[in-house]
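Visitor: Next comes the structure file target_28.cif, holding mmCIF, C-alpha atoms.
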data_model
#
loop_
_atom_site.label_atom_id
_atom_site.label_comp_id
_atom_site.auth_asym_id
_atom_site.auth_seq_id
_atom_site.Cartn_x
_atom_site.Cartn_y
_atom_site.Cartn_z
CA GLN A 873 0.14 25.00 17.39
CA SER A 874 -1.95 24.00 20.43
CA VAL A 875 -5.08 21.87 20.17
CA LEU A 876 -6.87 24.37 22.43
CA THR A 877 -6.86 28.02 21.35
CA GLN A 878 -6.40 30.86 23.83
CA PRO A 879 -5.73 34.55 23.24
CA PRO A 880 -2.01 35.25 23.75
CA SER A 881 -2.69 38.14 26.09
CA VAL A 882 -5.40 40.06 27.91
CA SER A 883 -5.21 43.13 30.10
CA ALA A 884 -7.41 45.15 32.41
CA ALA A 885 -7.14 47.65 35.22
CA PRO A 886 -7.09 46.75 38.91
CA GLY A 887 -10.56 46.09 40.25
CA GLN A 888 -11.95 45.31 36.81
CA LYS A 889 -13.10 42.00 35.35
CA VAL A 890 -11.44 39.97 32.61
CA THR A 891 -12.35 36.81 30.73
CA ILE A 892 -10.03 34.35 29.01
CA SER A 893 -11.42 32.06 26.34
CA CYS A 894 -10.38 28.53 25.43
CA SER A 895 -11.64 27.11 22.17
CA GLY A 896 -11.51 23.44 21.31
CA SER A 897 -13.48 20.86 19.38
CA SER A 898 -15.98 18.04 19.73
CA SER A 899 -13.20 15.58 20.56
CA ASN A 900 -11.94 17.50 23.57
CA ILE A 901 -13.87 20.33 25.25
CA GLY A 902 -17.09 19.18 23.60
CA LYS A 903 -16.90 15.86 25.45
CA LYS A 904 -14.65 16.34 28.49
CA TYR A 905 -14.17 18.49 31.56
CA VAL A 906 -12.02 21.63 31.35
CA SER A 907 -9.49 22.74 33.94
CA TRP A 908 -7.61 26.00 34.34
CA TYR A 909 -4.13 26.64 35.74
CA GLN A 910 -2.43 29.79 36.96
CA GLN A 911 1.31 30.09 36.53
CA LEU A 912 2.89 32.98 38.39
CA PRO A 913 6.31 34.07 37.10
CA GLY A 914 9.01 31.55 37.89
CA THR A 915 6.69 29.06 39.57
CA ALA A 916 4.92 25.81 38.75
CA PRO A 917 1.35 25.86 37.44
CA LYS A 918 -1.35 25.76 40.09
CA LEU A 919 -4.84 24.31 39.65
CA LEU A 920 -7.37 27.13 39.56
CA ILE A 921 -10.57 25.55 38.20
CA TYR A 922 -11.49 21.89 37.66
CA GLU A 923 -14.51 20.08 36.22
CA ASN A 924 -15.39 23.24 34.23
CA ASP A 925 -16.46 25.41 37.14
CA LYS A 926 -15.23 24.06 40.49
CA ARG A 927 -12.65 25.82 42.62
CA PRO A 928 -10.13 23.94 44.79
CA SER A 929 -9.98 24.84 48.43
CA GLY A 930 -8.18 28.16 48.89
CA ILE A 931 -9.01 29.61 45.48
CA PRO A 932 -11.06 32.80 45.95
CA ASP A 933 -14.47 33.12 44.35
CA ARG A 934 -13.11 35.97 42.22
CA PHE A 935 -12.10 33.15 39.87
CA SER A 936 -14.84 31.35 37.94
CA GLY A 937 -15.09 28.91 35.07
CA SER A 938 -17.75 28.00 32.56
CA LYS A 939 -18.14 25.80 29.52
CA SER A 940 -20.49 25.90 26.57
CA GLY A 941 -20.26 23.52 23.65
CA THR A 942 -16.65 23.38 22.49
CA SER A 943 -15.46 26.47 24.36
CA ALA A 944 -14.64 27.35 27.93
CA THR A 945 -14.11 30.64 29.72
CA LEU A 946 -12.16 31.69 32.79
CA GLY A 947 -13.41 34.80 34.53
CA ILE A 948 -11.53 36.89 37.06
CA THR A 949 -13.23 39.74 38.90
CA GLY A 950 -11.78 42.37 41.21
CA LEU A 951 -8.41 42.16 39.46
CA GLN A 952 -5.33 42.52 41.60
CA THR A 953 -1.71 43.06 40.58
CA GLY A 954 -0.98 39.67 42.12
CA ASP A 955 -3.18 38.06 39.45
CA GLU A 956 -0.59 38.89 36.77
CA ALA A 957 0.32 35.45 35.48
CA ASP A 958 0.00 33.04 32.60
CA TYR A 959 -3.26 31.10 32.50
CA TYR A 960 -3.69 27.74 30.76
CA CYS A 961 -6.76 25.66 29.98
CA GLY A 962 -6.52 21.89 29.78
CA THR A 963 -8.64 18.88 28.98
CA TRP A 964 -8.55 15.38 27.50
CA ASP A 965 -8.70 14.77 23.77
CA THR A 966 -10.57 11.59 22.87
CA SER A 967 -9.21 11.52 19.32
CA VAL A 968 -5.64 10.94 20.54
CA SER A 969 -6.36 9.59 24.03
CA ALA A 970 -4.09 12.14 25.65
CA GLY A 971 -4.28 15.35 27.60
CA VAL A 972 -3.96 18.72 25.91
CA PHE A 973 -3.29 22.29 27.00
CA GLY A 974 -4.07 25.64 25.48
CA GLY A 975 -1.20 27.85 24.39
CA GLY A 976 -1.58 30.04 27.45
CA THR A 977 -2.76 33.61 28.03
CA LYS A 978 -0.66 36.28 29.70
CA LEU A 979 -2.74 38.49 31.97
CA THR A 980 -1.50 42.01 32.58
CA VAL A 981 -3.11 44.11 35.29
CA LEU A 982 -2.44 47.67 34.19
CA GLN B 667 -0.74 17.00 51.76
CA VAL B 668 0.59 15.42 48.57
CA GLN B 669 4.03 16.64 47.53
CA LEU B 670 6.01 15.84 44.39
CA GLN B 671 9.70 16.44 43.74
CA GLU B 672 11.46 15.99 40.42
CA SER B 673 15.11 14.99 40.23
CA GLY B 674 17.63 14.17 37.52
CA PRO B 675 20.51 15.57 35.50
CA GLY B 676 20.18 19.20 34.51
CA LEU B 677 22.31 18.73 31.40
CA VAL B 678 21.95 16.03 28.75
CA LYS B 679 23.91 15.65 25.54
CA PRO B 680 22.14 15.56 22.15
CA SER B 681 21.10 12.05 21.03
CA GLU B 682 21.30 10.74 24.60
CA THR B 683 18.43 9.79 26.94
CA LEU B 684 16.91 12.19 29.43
CA SER B 685 15.99 10.48 32.71
CA LEU B 686 13.92 12.02 35.48
CA THR B 687 12.34 10.73 38.67
CA CYS B 688 9.43 12.12 40.63
CA ALA B 689 9.33 11.28 44.34
CA VAL B 690 5.88 11.40 45.90
CA SER B 691 5.13 11.99 49.57
CA GLY B 692 1.83 12.22 51.37
CA HIS B 693 0.19 9.56 49.19
CA SER B 694 1.02 5.96 48.38
CA LEU B 695 1.31 5.36 44.64
CA SER B 696 -0.09 1.87 45.10
CA SER B 697 -3.37 3.40 46.35
CA GLY B 698 -4.36 4.66 42.92
CA TYR B 699 -4.49 7.72 40.67
CA TYR B 700 -2.56 8.49 37.54
CA TRP B 701 0.76 10.36 37.65
CA GLY B 702 2.04 12.51 34.85
CA TRP B 703 4.80 14.50 33.22
CA ILE B 704 4.44 17.91 31.60
CA ARG B 705 7.14 20.13 30.15
CA GLN B 706 7.57 23.80 29.33
CA PRO B 707 10.29 25.03 26.96
CA PRO B 708 11.79 28.37 28.00
CA GLY B 709 9.35 31.17 27.29
CA LYS B 710 6.73 28.81 25.88
CA GLY B 711 3.57 27.03 26.97
CA LEU B 712 2.83 23.74 28.69
CA GLU B 713 3.12 20.45 26.82
CA TRP B 714 1.48 17.27 28.13
CA ILE B 715 3.87 14.31 27.85
CA VAL B 716 2.47 11.18 29.51
CA ILE B 717 0.42 9.82 32.41
CA ILE B 718 0.83 6.44 34.10
CA SER B 719 -1.32 4.61 36.63
CA HIS B 720 -0.10 2.78 39.71
CA SER B 721 -0.60 -0.45 37.78
CA GLY B 722 1.45 0.72 34.80
CA SER B 723 -1.29 1.69 32.35
CA ALA B 724 -0.06 4.71 30.37
CA PHE B 725 -1.29 7.28 27.88
CA TYR B 726 1.13 9.24 25.71
CA ASN B 727 1.33 12.46 23.74
CA PRO B 728 1.32 11.01 20.19
CA SER B 729 4.10 13.36 19.09
CA LEU B 730 6.44 12.03 21.80
CA LYS B 731 5.27 8.45 22.21
CA SER B 732 8.03 6.85 20.18
CA ARG B 733 10.70 8.36 22.44
CA VAL B 734 9.01 8.18 25.86
CA THR B 735 9.27 5.45 28.47
CA THR B 736 7.58 5.76 31.85
CA SER B 737 7.32 3.53 34.88
CA VAL B 738 6.13 3.43 38.48
CA ASP B 739 8.11 2.06 41.42
CA THR B 740 5.63 1.60 44.25
CA SER B 741 8.33 0.31 46.61
CA LYS B 742 10.11 3.67 46.41
CA ASN B 743 6.89 5.65 45.91
CA GLN B 744 8.21 7.29 42.79
CA PHE B 745 7.67 7.31 39.06
CA SER B 746 10.00 8.07 36.21
CA LEU B 747 10.33 9.48 32.72
CA LYS B 748 12.84 8.60 30.05
CA LEU B 749 13.02 10.53 26.78
CA SER B 750 15.38 9.13 24.19
CA SER B 751 17.29 10.72 21.30
CA VAL B 752 16.99 14.21 22.74
CA THR B 753 17.71 17.39 20.79
CA ALA B 754 17.87 21.05 21.74
CA ALA B 755 14.09 21.18 21.24
CA ASP B 756 13.70 19.00 24.34
CA THR B 757 15.25 21.69 26.53
CA ALA B 758 12.51 22.57 29.02
CA VAL B 759 11.37 22.68 32.59
CA TYR B 760 9.91 19.25 33.32
CA TYR B 761 7.08 18.99 35.86
CA CYS B 762 5.53 15.93 37.45
CA ALA B 763 1.95 16.03 38.70
CA ARG B 764 -0.94 13.93 39.99
CA TYR B 765 -3.63 13.42 37.37
CA ILE B 766 -7.29 12.87 38.18
CA SER B 767 -8.46 10.47 35.51
CA GLY B 768 -12.01 10.86 34.22
CA TYR B 769 -12.17 14.42 35.47
CA ASP B 770 -9.06 15.35 33.51
CA TYR B 771 -7.10 17.69 35.70
CA MET B 772 -3.80 17.83 37.58
CA ASP B 773 -4.20 18.84 41.19
CA TYR B 774 -0.71 18.57 42.68
CA TRP B 775 2.44 19.65 40.85
CA GLY B 776 6.14 19.42 41.54
CA GLN B 777 8.25 22.56 41.43
CA GLY B 778 9.81 21.55 38.12
CA THR B 779 13.34 20.85 37.02
CA LEU B 780 15.18 22.47 34.11
CA VAL B 781 16.80 20.07 31.68
CA THR B 782 19.11 21.55 29.08
CA VAL B 783 20.15 19.57 26.03
CA SER B 784 23.57 20.69 24.91
CA SER B 785 26.95 19.26 24.07
#
Starting from the coordinates I provided, produce the structure as structure tokens.
Guide:
Amino acid sequence: QSVLTQPPSVSAAPGQKVTISCSGSSSNIGKKYVSWYQQLPGTAPKLLIYENDKRPSGIPDRFSGSKSGTSATLGITGLQTGDEADYYCGTWDTSVSAGVFGGGTKLTVL
Amino acid sequence: QVQLQESGPGLVKPSETLSLTCAVSGHSLSSGYYWGWIRQPPGKGLEWIVIISHSGSAFYNPSLKSRVTTSVDTSKNQFSLKLSSVTAADTAVYYCARYISGYDYMDYWGQGTLVTVSS
């Protein structure tokens, strides 16, 4: 059972938009920055979004992040088949002084 | 460009100690930042294990703390993970990464190494 809650799976057609939610609590998302990671099949996770809504160099603006209260959302527009991956949210939990991840969401582009 | 590379035995016997090293290039560990370990059991999600600073300050996943030892060797520009009393549940791909403290994200990751616990 992960500290951060994500839907196990989401799907959408190519070209469409999808959102992935990440729900936490006042001891983690409510107080700290949220990051998002993309894990393509068979590869290491890659940083997609940091500090709630910032994109590292090289990440297209089709990917966006937002945070409100104790929840965060990853948005992906103009879906491509290459976006099929597992997506994880992460943050710091002040109640245990350690990092935490969501359980991950598998994105399928139909 | 910061690069990280995990190394260590791919097979560990139950009750023994898992030992991994992460070699860092493109950045001197003595310059700062925290460095961390994350694992992913086959077919499952990511689990945060521990982060350690260049000066040795560390923060642990409470569920693993009693079995985890971590250290930094600035002379070799590498850091390490030891996990004691392993069981089959510790079978996972182990990743090392650079952690940005205060902003709470991991920006550079190693490719990961699979460790199987089996007799």
Visitor: To one decimal place in Å, what is the distance between atom CA of B:Thr757 and atom CA of B:Asp739?
Guide: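 We find that atom CA of B:Thr757 and atom CA of B:Asp739 lie 25.7 Å from each other.
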Visitor: Do me a favour and pick out the residues of chain B within 12 Å of chain A, using all atoms listed in the file, as a ChimeraX atom specification.
Guide: /B:670-672,702-706,708-718,724-731,759-780
Visitor: Using all atoms listed in the file, can you list as a PDB file with C-alpha atoms, keeping the file's coordinate frame the residues within 12 Å of (5.1, 3.9, 44.3)?
Guide:
ATOM      1  CA  LEU B 670       6.010  15.840  44.390  1.00  0.00           C
ATOM      2  CA  THR B 687      12.340  10.730  38.670  1.00  0.00           C
ATOM      3  CA  CYS B 688       9.430  12.120  40.630  1.00  0.00           C
ATOM      4  CA  ALA B 689       9.330  11.280  44.340  1.00  0.00           C
ATOM      5  CA  VAL B 690       5.880  11.400  45.900  1.00  0.00           C
ATOM      6  CA  SER B 691       5.130  11.990  49.570  1.00  0.00           C
ATOM      7  CA  GLY B 692       1.830  12.220  51.370  1.00  0.00           C
ATOM      8  CA  HIS B 693       0.190   9.560  49.190  1.00  0.00           C
ATOM      9  CA  SER B 694       1.020   5.960  48.380  1.00  0.00           C
ATOM     10  CA  LEU B 695       1.310   5.360  44.640  1.00  0.00           C
ATOM     11  CA  SER B 696      -0.090   1.870  45.100  1.00  0.00           C
ATOM     12  CA  SER B 697      -3.370   3.400  46.350  1.00  0.00           C
ATOM     13  CA  GLY B 698      -4.360   4.660  42.920  1.00  0.00           C
ATOM     14  CA  TYR B 699      -4.490   7.720  40.670  1.00  0.00           C
ATOM     15  CA  TYR B 700      -2.560   8.490  37.540  1.00  0.00           C
ATOM     16  CA  TRP B 701       0.760  10.360  37.650  1.00  0.00           C
ATOM     17  CA  ILE B 718       0.830   6.440  34.100  1.00  0.00           C
ATOM     18  CA  SER B 719      -1.320   4.610  36.630  1.00  0.00           C
ATOM     19  CA  HIS B 720      -0.100   2.780  39.710  1.00  0.00           C
ATOM     20  CA  SER B 721      -0.600  -0.450  37.780  1.00  0.00           C
ATOM     21  CA  GLY B 722       1.450   0.720  34.800  1.00  0.00           C
ATOM     22  CA  SER B 737       7.320   3.530  34.880  1.00  0.00           C
ATOM     23  CA  VAL B 738       6.130   3.430  38.480  1.00  0.00           C
ATOM     24  CA  ASP B 739       8.110   2.060  41.420  1.00  0.00           C
ATOM     25  CA  THR B 740       5.630   1.600  44.250  1.00  0.00           C
ATOM     26  CA  SER B 741       8.330   0.310  46.610  1.00  0.00           C
ATOM     27  CA  LYS B 742      10.110   3.670  46.410  1.00  0.00           C
ATOM     28  CA  ASN B 743       6.890   5.650  45.910  1.00  0.00           C
ATOM     29  CA  GLN B 744       8.210   7.290  42.790  1.00  0.00           C
ATOM     30  CA  PHE B 745       7.670   7.310  39.060  1.00  0.00           C
ATOM     31  CA  SER B 746      10.000   8.070  36.210  1.00  0.00           C
TER      32      SER B 746
END
Visitor: With all atoms listed in the file as the basis for distance, which of B:Thr735, B:Ser750, B:Ser673, B:Ser681 is at the shortest distance from B:Ser723?
Guide: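 The shortest atom-to-atom distance to B:Ser723 comes from B:Thr735.
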Visitor: Counting all atoms listed in the file, figure out which residue out of A:Leu982, A:Ile948, A:Ala957, A:Ile931 gets nearest to A:Val890.
Guide: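 With all atoms listed in the file as the atom set, the closest residue is A:Ile948.
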Visitor: What is the atom CA of B:Val781-atom CA of A:Pro913 distance in Å, reported with one decimal?
Guide: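 Rounded to one decimal, the two atoms are 18.3 Å apart.
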Visitor: Would you mind telling me which residue in B:Arg733, B:Ser685, B:Gln669, B:Val678 lies nearest to B:Ser751 when using all atoms listed in the file?
Guide: B:Arg733
